[in-house]
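Report on the structure given below.
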Amino acid sequence: MDALTLAAIHEHAVAEYPRECCGLVVAIEGRETYVPCRNEAAAPSEHFRLPAEDYASAEDRGEVLALVHSHPNAPATPSDADRVQCEGSGLVWHIVSVGQVDGAAECGDIQTIEPSGYEAPLIGRQFAHGILDCYTLVQDFYRRELGIQLSNYTREDDWWLKGQQLYSLDRLQAEGFERITDAPRRGDLILMQIRSTVPNHAGIYLGDGVMLHHLHSRLSDRVVYGGYWAERTCYIVRHREMIDG
């Protein structure tokens with residue numbers, strides 16, 4: 001990265017502070033250029049969202065070399081969500097820290113990551129809604145542990161308050177799940193209501209009274225299934241491949 005590109009990144013990060021900035025490094029007529037993009041995240045605490053049209057516009061100008069975003073009031077150390085999205089993008093990522101120094105926003109260190117085959121651990125992963133949350137944990141467990149591929153679904157933050165039903169029985173049945181009434185066994189999916197009128201949380205039963213799940217703002221973890229979680233359970237489903245098997 002040349003000095004002019006770095007200076008442009010710093011300027012954008014400071015201008016957007018305390019929100020995350022995001023942009024692209026593009027080769028335009030053989031010259032490296034930083035192209036600032038919009039961040040469509042609904043809240044400053046939410047992971048950045050770079051609009052597809054901004055990416056397409058940058059791509060029209062030249063070859064996209066890298067993606068850039070800032071970490072306000074935090075080190076440039078890549079999060080689990082950064083590393084997962086870097087893998088999906090197929091691009092080099094540059095992450096710059098930015099915070100207040102004597103009352104003014106100022107950039108700190110910058111770190112670079114690139115696709116390397118990273119997969120977030122099932123236990124201890126950081127939460128980032130829509131990237132690493134209870135549903136992506138379910139997807140990853142079913143793919144890695146059971147060889148079952150589940151569909152991706154776009155979801156807004158607080159989707160359960162907006163009439164969206166990620167965990168409706170109709171959608172689960174379309175994915176190959178059937179509701180069960182017998183005792184749960186390893187791999188069964190537990191659907192719960194957490195301060196909601198619809199099922200908005202899922203966990204995977206691991207056997208021996210233990211459930212794997214990923215609660216908002218916490219690390220994914222194994223917990224004893226019973227008490228609080230059992231009281232909030234709406235239904236338990238089993239995938240047809242597990243029934244047939």
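By convention here, the chains of the structure tokens are called A, B, ... in the order presented, each chain's residues are numbered starting at 1, and ligands are numbered starting at 1 in the order presented.
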Per residue of segment 145-221 of chain A within 6 Å of segment 123-136 of chain A, what are the shortest atom pair and its distance in Å to one decimal, counting only C-alpha atoms, with rows by chain and residue number, as a Markdown table?
| residue | atom | partner | partner_atom | distance |
| --- | --- | --- | --- | --- |
| A:Ala202 | CA | A:Cys134 | CA | 5.9 |
| A:His214 | CA | A:Cys134 | CA | 4.7 |
| A:Ser217 | CA | A:Phe127 | CA | 5.6 |
| A:Leu219 | CA | A:Gly124 | CA | 4.9 |
| A:Ser220 | CA | A:Gly124 | CA | 4.9 |
| A:Asp221 | CA | A:Ile123 | CA | 5.2 |
Preceding selection exported with N, CA, C and O atoms as a compact mmCIF listing (two decimals), in the first residue's frame:
# COMPACT_ATOMS: atom_id res chain seq x y z
N ALA A 202 -31.95 -20.31 18.27
CA ALA A 202 -31.81 -21.75 18.00
C ALA A 202 -30.56 -22.30 18.67
O ALA A 202 -29.54 -21.62 18.76
N HIS A 214 -25.51 -19.79 20.35
CA HIS A 214 -24.78 -18.52 20.27
C HIS A 214 -25.76 -17.39 20.56
O HIS A 214 -26.57 -17.03 19.71
N SER A 217 -24.44 -10.95 21.61
CA SER A 217 -23.42 -10.24 22.39
C SER A 217 -22.57 -11.16 23.28
O SER A 217 -21.82 -10.67 24.13
N LEU A 219 -20.12 -15.05 23.47
CA LEU A 219 -19.42 -16.06 22.70
C LEU A 219 -20.28 -17.31 22.60
O LEU A 219 -21.06 -17.62 23.50
N SER A 220 -20.16 -18.03 21.49
CA SER A 220 -20.88 -19.30 21.37
C SER A 220 -20.40 -20.24 22.47
O SER A 220 -19.22 -20.23 22.85
N ASP A 221 -21.32 -21.07 22.97
CA ASP A 221 -20.97 -21.87 24.15
C ASP A 221 -21.88 -23.09 24.25
O ASP A 221 -22.94 -23.17 23.65
Report as a short mmCIF file (atom, residue, chain, number, x, y, z; two decimals) with N, CA, C and O atoms, in the first residue's frame: the residues of segment 43-212 of chain A with a DSSP assignment of strand (DSSP E), based on the backbone of this structure.
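Output saved as part15.cif:
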data_model
loop_
_atom_site.label_atom_id
_atom_site.label_comp_id
_atom_site.auth_asym_id
_atom_site.auth_seq_id
_atom_site.Cartn_x
_atom_site.Cartn_y
_atom_site.Cartn_z
N GLU A 63 -9.62 -2.72 -11.20
CA GLU A 63 -9.53 -3.99 -10.48
C GLU A 63 -9.54 -3.74 -8.98
O GLU A 63 -8.72 -2.99 -8.45
N VAL A 64 -10.48 -4.39 -8.28
CA VAL A 64 -10.55 -4.28 -6.83
C VAL A 64 -9.43 -5.12 -6.21
O VAL A 64 -9.36 -6.33 -6.43
N LEU A 65 -8.56 -4.45 -5.46
CA LEU A 65 -7.39 -5.13 -4.87
C LEU A 65 -7.61 -5.53 -3.42
O LEU A 65 -7.08 -6.54 -2.96
N ALA A 66 -8.35 -4.70 -2.68
CA ALA A 66 -8.49 -4.95 -1.24
C ALA A 66 -9.72 -4.23 -0.70
O ALA A 66 -10.19 -3.25 -1.29
N LEU A 67 -10.22 -4.72 0.41
CA LEU A 67 -11.31 -4.08 1.14
C LEU A 67 -10.73 -3.46 2.42
O LEU A 67 -9.83 -4.04 3.04
N VAL A 68 -11.25 -2.32 2.79
CA VAL A 68 -10.76 -1.58 3.96
C VAL A 68 -11.93 -1.27 4.89
O VAL A 68 -13.03 -0.94 4.43
N HIS A 69 -11.73 -1.39 6.19
CA HIS A 69 -12.69 -0.82 7.14
C HIS A 69 -11.96 -0.47 8.43
O HIS A 69 -10.82 -0.89 8.65
N SER A 70 -12.63 0.32 9.25
CA SER A 70 -12.01 0.80 10.49
C SER A 70 -12.62 0.11 11.71
O SER A 70 -13.74 -0.41 11.66
N HIS A 71 -11.85 0.12 12.79
CA HIS A 71 -12.31 -0.34 14.10
C HIS A 71 -12.31 0.86 15.04
O HIS A 71 -11.27 1.20 15.62
N PRO A 72 -13.43 1.56 15.19
CA PRO A 72 -13.47 2.71 16.10
C PRO A 72 -13.28 2.30 17.55
O PRO A 72 -13.89 1.33 18.02
N VAL A 92 -7.88 -9.33 -0.11
CA VAL A 92 -7.08 -8.85 1.01
C VAL A 92 -7.91 -7.83 1.78
O VAL A 92 -8.67 -7.05 1.18
N TRP A 93 -7.82 -7.84 3.11
CA TRP A 93 -8.52 -6.86 3.95
C TRP A 93 -7.50 -6.05 4.74
O TRP A 93 -6.56 -6.60 5.32
N HIS A 94 -7.69 -4.73 4.77
CA HIS A 94 -6.91 -3.83 5.61
C HIS A 94 -7.84 -3.27 6.69
O HIS A 94 -8.93 -2.77 6.38
N ILE A 95 -7.43 -3.35 7.94
CA ILE A 95 -8.23 -2.89 9.07
C ILE A 95 -7.44 -1.82 9.82
O ILE A 95 -6.29 -2.05 10.20
N VAL A 96 -8.03 -0.65 10.02
CA VAL A 96 -7.34 0.45 10.68
C VAL A 96 -8.07 0.81 11.97
O VAL A 96 -9.29 0.86 12.01
N SER A 97 -7.32 1.01 13.03
CA SER A 97 -7.92 1.44 14.29
C SER A 97 -8.03 2.97 14.29
O SER A 97 -7.21 3.67 13.70
N VAL A 98 -9.07 3.47 14.95
CA VAL A 98 -9.26 4.92 15.04
C VAL A 98 -9.91 5.23 16.38
O VAL A 98 -10.81 4.53 16.82
N GLY A 99 -9.41 6.26 17.05
CA GLY A 99 -9.96 6.64 18.34
C GLY A 99 -9.67 8.10 18.62
O GLY A 99 -9.08 8.81 17.80
N GLN A 100 -10.11 8.56 19.77
CA GLN A 100 -9.92 9.95 20.13
C GLN A 100 -8.60 10.15 20.88
O GLN A 100 -8.28 9.41 21.80
N VAL A 101 -7.87 11.14 20.45
CA VAL A 101 -6.63 11.54 21.12
C VAL A 101 -6.73 13.03 21.39
O VAL A 101 -6.85 13.83 20.45
N ALA A 104 -9.72 14.66 19.63
CA ALA A 104 -9.83 14.59 18.17
C ALA A 104 -9.61 13.15 17.71
O ALA A 104 -8.80 12.42 18.28
N ALA A 105 -10.34 12.76 16.65
CA ALA A 105 -10.18 11.41 16.11
C ALA A 105 -8.82 11.28 15.43
O ALA A 105 -8.38 12.18 14.73
N GLU A 106 -8.19 10.13 15.68
CA GLU A 106 -6.86 9.91 15.10
C GLU A 106 -6.68 8.41 14.84
O GLU A 106 -7.10 7.57 15.64
N CYS A 107 -6.05 8.08 13.73
CA CYS A 107 -5.84 6.68 13.37
C CYS A 107 -4.61 6.11 14.07
O CYS A 107 -3.63 6.82 14.32
N GLY A 108 -4.70 4.80 14.34
CA GLY A 108 -3.58 4.10 14.95
C GLY A 108 -3.00 3.09 13.99
O GLY A 108 -2.73 3.41 12.83
N ASP A 109 -2.87 1.85 14.47
CA ASP A 109 -2.23 0.83 13.64
C ASP A 109 -3.18 0.31 12.56
O ASP A 109 -4.39 0.52 12.60
N ILE A 110 -2.60 -0.35 11.59
CA ILE A 110 -3.37 -0.99 10.53
C ILE A 110 -2.89 -2.42 10.39
O ILE A 110 -1.68 -2.69 10.49
N GLN A 111 -3.82 -3.35 10.26
CA GLN A 111 -3.47 -4.76 10.10
C GLN A 111 -4.08 -5.29 8.81
O GLN A 111 -5.15 -4.83 8.37
N THR A 112 -3.41 -6.27 8.24
CA THR A 112 -3.83 -6.83 6.97
C THR A 112 -4.04 -8.34 7.11
O THR A 112 -3.23 -9.03 7.74
N ILE A 113 -5.15 -8.82 6.55
CA ILE A 113 -5.42 -10.26 6.51
C ILE A 113 -5.78 -10.64 5.08
O ILE A 113 -6.14 -9.78 4.27
N PHE A 177 -36.48 -30.26 7.91
CA PHE A 177 -36.71 -30.57 9.32
C PHE A 177 -38.15 -30.99 9.57
O PHE A 177 -39.08 -30.52 8.90
N GLU A 178 -38.33 -31.86 10.56
CA GLU A 178 -39.65 -32.26 11.00
C GLU A 178 -39.74 -32.11 12.52
O GLU A 178 -38.78 -32.41 13.23
N ARG A 179 -40.87 -31.65 12.97
CA ARG A 179 -41.07 -31.49 14.42
C ARG A 179 -41.10 -32.85 15.09
O ARG A 179 -41.66 -33.82 14.53
N LEU A 189 -32.52 -29.74 16.49
CA LEU A 189 -32.51 -28.29 16.56
C LEU A 189 -33.59 -27.82 17.52
O LEU A 189 -34.76 -28.19 17.39
N ILE A 190 -33.19 -27.00 18.49
CA ILE A 190 -34.10 -26.51 19.52
C ILE A 190 -34.43 -25.05 19.21
O ILE A 190 -33.53 -24.21 19.10
N LEU A 191 -35.72 -24.73 19.05
CA LEU A 191 -36.15 -23.37 18.73
C LEU A 191 -36.78 -22.73 19.96
O LEU A 191 -37.68 -23.32 20.58
N MET A 192 -36.31 -21.52 20.30
CA MET A 192 -36.71 -20.86 21.53
C MET A 192 -37.18 -19.43 21.28
O MET A 192 -36.87 -18.84 20.24
N HIS A 201 -34.43 -17.78 18.46
CA HIS A 201 -33.13 -18.30 18.90
C HIS A 201 -33.11 -19.81 18.68
O HIS A 201 -34.13 -20.49 18.87
N ALA A 202 -31.95 -20.31 18.27
CA ALA A 202 -31.81 -21.75 18.00
C ALA A 202 -30.56 -22.30 18.67
O ALA A 202 -29.54 -21.62 18.76
N GLY A 203 -30.66 -23.53 19.11
CA GLY A 203 -29.52 -24.24 19.66
C GLY A 203 -29.49 -25.65 19.13
O GLY A 203 -30.51 -26.16 18.64
N ILE A 204 -28.34 -26.29 19.19
CA ILE A 204 -28.20 -27.66 18.72
C ILE A 204 -28.02 -28.57 19.93
O ILE A 204 -27.13 -28.34 20.76
N TYR A 205 -28.86 -29.60 20.03
CA TYR A 205 -28.73 -30.54 21.13
C TYR A 205 -27.54 -31.45 20.86
O TYR A 205 -27.42 -32.07 19.80
N LEU A 206 -26.63 -31.53 21.85
CA LEU A 206 -25.41 -32.32 21.69
C LEU A 206 -25.48 -33.68 22.37
O LEU A 206 -24.59 -34.51 22.20
N GLY A 207 -26.55 -33.91 23.13
CA GLY A 207 -26.66 -35.14 23.89
C GLY A 207 -26.28 -34.92 25.33
O GLY A 207 -25.65 -33.91 25.70
N VAL A 210 -26.94 -31.42 27.05
CA VAL A 210 -26.11 -30.25 26.70
C VAL A 210 -26.55 -29.67 25.36
O VAL A 210 -26.85 -30.41 24.41
N MET A 211 -26.58 -28.35 25.27
CA MET A 211 -26.95 -27.64 24.05
C MET A 211 -25.84 -26.69 23.63
O MET A 211 -25.22 -26.04 24.48
N LEU A 212 -25.58 -26.60 22.33
CA LEU A 212 -24.64 -25.62 21.76
C LEU A 212 -25.46 -24.48 21.18
O LEU A 212 -26.41 -24.70 20.42
#
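Distance annotation: of A:Leu169, A:Val84, A:Cys234, A:Leu137, the residue with the minimal separation from Ser196 of chain A is A:Cys234; atom set is only C-alpha atoms.
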(request) Grab the atom CA of Tyr17 of chain A to atom CA of Glu32 of chain A distance for me, in Å with one decimal place. (result)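 So the two atoms, atom CA of Tyr17 of chain A and atom CA of Glu32 of chain A, lie 24.2 Å apart.
Shortest atom-to-atom contact with Val223 of chain A among A:Gln149, A:Thr154, A:Asp208, A:Ile236: A:Asp208, counting only C-alpha atoms.
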(message) Calculated over only C-alpha atoms, which of the candidates A:Met242, A:Met1, A:Leu91, A:Ala15 has the smallest distance to Leu146 of chain A?
(response) A:Met242
For Gln164 of chain A, work out the shell of residues within 10 Å, counting only C-alpha atoms and skipping chain neighbours fewer than 5 positions away, then give it as a PDB file with C-alpha atoms, in the first residue's frame.
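Everything below was put into around.pdb:
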ATOM      1  CA  ARG A 155     -31.882 -11.064   7.970  1.00  0.00           C
ATOM      2  CA  GLU A 156     -32.066  -7.632   9.531  1.00  0.00           C
ATOM      3  CA  ASP A 158     -34.198  -7.428  15.320  1.00  0.00           C
ATOM      4  CA  TRP A 159     -35.850  -9.313  12.457  1.00  0.00           C
ATOM      5  CA  VAL A 198     -41.922 -15.721  17.819  1.00  0.00           C
ATOM      6  CA  ASN A 200     -35.902 -16.103  17.528  1.00  0.00           C
TER       7      ASN A 200
END
(request) Give me the residues within 7 Å of segment 39-48 of chain A as a list in words, counting only C-alpha atoms and dropping any in the same chain fewer than 6 places off. (result)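 Using only C-alpha atoms, the neighbours found are Arg19, Glu20, Cys21, Cys22 and Ala128 of chain A.
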Go ahead and save the picked residues with N, CA and C atoms, as a JSON list (two decimals), in the first residue's frame.
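Written out: selection20.json:
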[["chain", "number", "residue", "atom", "x", "y", "z"],
["A", 19, "ARG", "N", -18.46, 6.00, 13.63],
["A", 19, "ARG", "CA", -18.92, 4.88, 12.84],
["A", 19, "ARG", "C", -17.73, 4.22, 12.14],
["A", 20, "GLU", "N", -17.92, 2.96, 11.76],
["A", 20, "GLU", "CA", -16.90, 2.29, 10.96],
["A", 20, "GLU", "C", -16.93, 2.87, 9.55],
["A", 21, "CYS", "N", -15.76, 3.13, 9.01],
["A", 21, "CYS", "CA", -15.69, 3.46, 7.59],
["A", 21, "CYS", "C", -15.46, 2.17, 6.81],
["A", 22, "CYS", "N", -15.78, 2.19, 5.53],
["A", 22, "CYS", "CA", -15.44, 1.05, 4.67],
["A", 22, "CYS", "C", -15.18, 1.58, 3.26],
["A", 128, "ALA", "N", -21.62, -11.59, 15.70],
["A", 128, "ALA", "CA", -21.84, -10.49, 14.75],
["A", 128, "ALA", "C", -23.10, -10.87, 13.97]]
(request) Can you list, as a ChimeraX atom specification, all residues belonging to segment 25-233 of chain A that DSSP tags as helix (DSSP H, G or I)? (result) /A:52-61,80-89,134-146,159-161,169-174,228-231
(request) Quick one: everything within 8 Å of segment 52-55 of chain A, counting only C-alpha atoms, minus sequence neighbours fewer than 4 positions away in the same chain. Send it as number ranges by chain. (result) A: 24, 37-38, 59
(request) To one decimal in Å, tell me the separation between atom CA of Ile9 of chain A and atom CA of Ala120 of chain A. (result)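 About the pair atom CA of Ile9 of chain A and atom CA of Ala120 of chain A: they are 27.8 Å apart.
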(request) Could you tell me which of A:Arg240, A:Arg61, A:His216, A:Arg83 comes closest to Asp157 of chain A if we count only C-alpha atoms? (result) A:His216
(message) So the first atom is atom CA of Pro199 of chain A and the second is atom CA of Gln165 of chain A; what is the distance between them in Å, to one decimal place?
(response)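 Computed distance, atom CA of Pro199 of chain A to atom CA of Gln165 of chain A, equals 7.7 Å.
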(request) For Ser116 of chain A, please output as a list in words all residues within 10 Å (counting only C-alpha atoms; exclusion window: fewer than 6 positions along the same chain). (result)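 Skipping anything fewer than 6 positions along the chain leaves Arg83, Cys86, Glu87 and Gly90 of chain A.
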N, CA, C and O atoms of the current selection, written as an mmCIF file, in the first residue's frame:
data_model
loop_
_atom_site.group_PDB
_atom_site.id
_atom_site.type_symbol
_atom_site.label_atom_id
_atom_site.label_comp_id
_atom_site.auth_asym_id
_atom_site.auth_seq_id
_atom_site.Cartn_x
_atom_site.Cartn_y
_atom_site.Cartn_z
ATOM 1 N N ARG A 83 -12.555 -12.146 9.776
ATOM 2 C CA ARG A 83 -11.841 -13.259 9.145
ATOM 3 C C ARG A 83 -12.779 -14.122 8.310
ATOM 4 O O ARG A 83 -12.416 -14.581 7.224
ATOM 5 N N CYS A 86 -13.644 -12.052 5.206
ATOM 6 C CA CYS A 86 -12.473 -11.991 4.334
ATOM 7 C C CYS A 86 -12.412 -13.250 3.480
ATOM 8 O O CYS A 86 -12.159 -13.183 2.265
ATOM 9 N N GLU A 87 -12.667 -14.399 4.090
ATOM 10 C CA GLU A 87 -12.667 -15.660 3.338
ATOM 11 C C GLU A 87 -13.712 -15.620 2.227
ATOM 12 O O GLU A 87 -13.452 -16.013 1.087
ATOM 13 N N GLY A 90 -12.743 -13.229 -0.813
ATOM 14 C CA GLY A 90 -11.622 -13.579 -1.681
ATOM 15 C C GLY A 90 -10.630 -12.449 -1.866
ATOM 16 O O GLY A 90 -9.772 -12.490 -2.753
#
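Of the residues under consideration (A:Glu231, A:Leu166, A:Gln85, A:Asn73), A:Asn73 shows the shortest atom-to-atom contact distance to Pro18 of chain A when counting only C-alpha atoms.
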(request) Name the residues in contact with Asp182 of chain A at a cut-off of 12 Å, using only C-alpha atoms, excluding same-chain residues fewer than 6 positions from it; report them as a PyMOL selection string. (result) chain A and resi 188+235-238
Output for the residues just chosen: N, CA, C and O atoms as a short mmCIF file (atom, residue, chain, number, x, y, z; two decimals), in the first residue's frame:
data_model
loop_
_atom_site.label_atom_id
_atom_site.label_comp_id
_atom_site.auth_asym_id
_atom_site.auth_seq_id
_atom_site.Cartn_x
_atom_site.Cartn_y
_atom_site.Cartn_z
N ASP A 188 -30.38 -32.58 16.99
CA ASP A 188 -31.71 -31.98 16.91
C ASP A 188 -31.61 -30.47 17.14
O ASP A 188 -30.75 -29.98 17.88
N TYR A 235 -40.42 -25.52 20.09
CA TYR A 235 -40.47 -26.85 19.50
C TYR A 235 -39.06 -27.32 19.19
O TYR A 235 -38.10 -26.52 19.16
N ILE A 236 -38.93 -28.62 18.98
CA ILE A 236 -37.65 -29.24 18.62
C ILE A 236 -37.87 -29.97 17.30
O ILE A 236 -38.90 -30.63 17.11
N VAL A 237 -36.91 -29.80 16.38
CA VAL A 237 -37.05 -30.44 15.06
C VAL A 237 -35.83 -31.31 14.77
O VAL A 237 -34.76 -31.11 15.34
N ARG A 238 -36.04 -32.26 13.87
CA ARG A 238 -34.96 -33.19 13.47
C ARG A 238 -34.91 -33.22 11.95
O ARG A 238 -35.95 -33.24 11.29
#
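Shortest atom-to-atom contact with Thr197 of chain A among A:Gly62, A:Gly227, A:Gly163, A:Gly176: A:Gly163, counting only C-alpha atoms.
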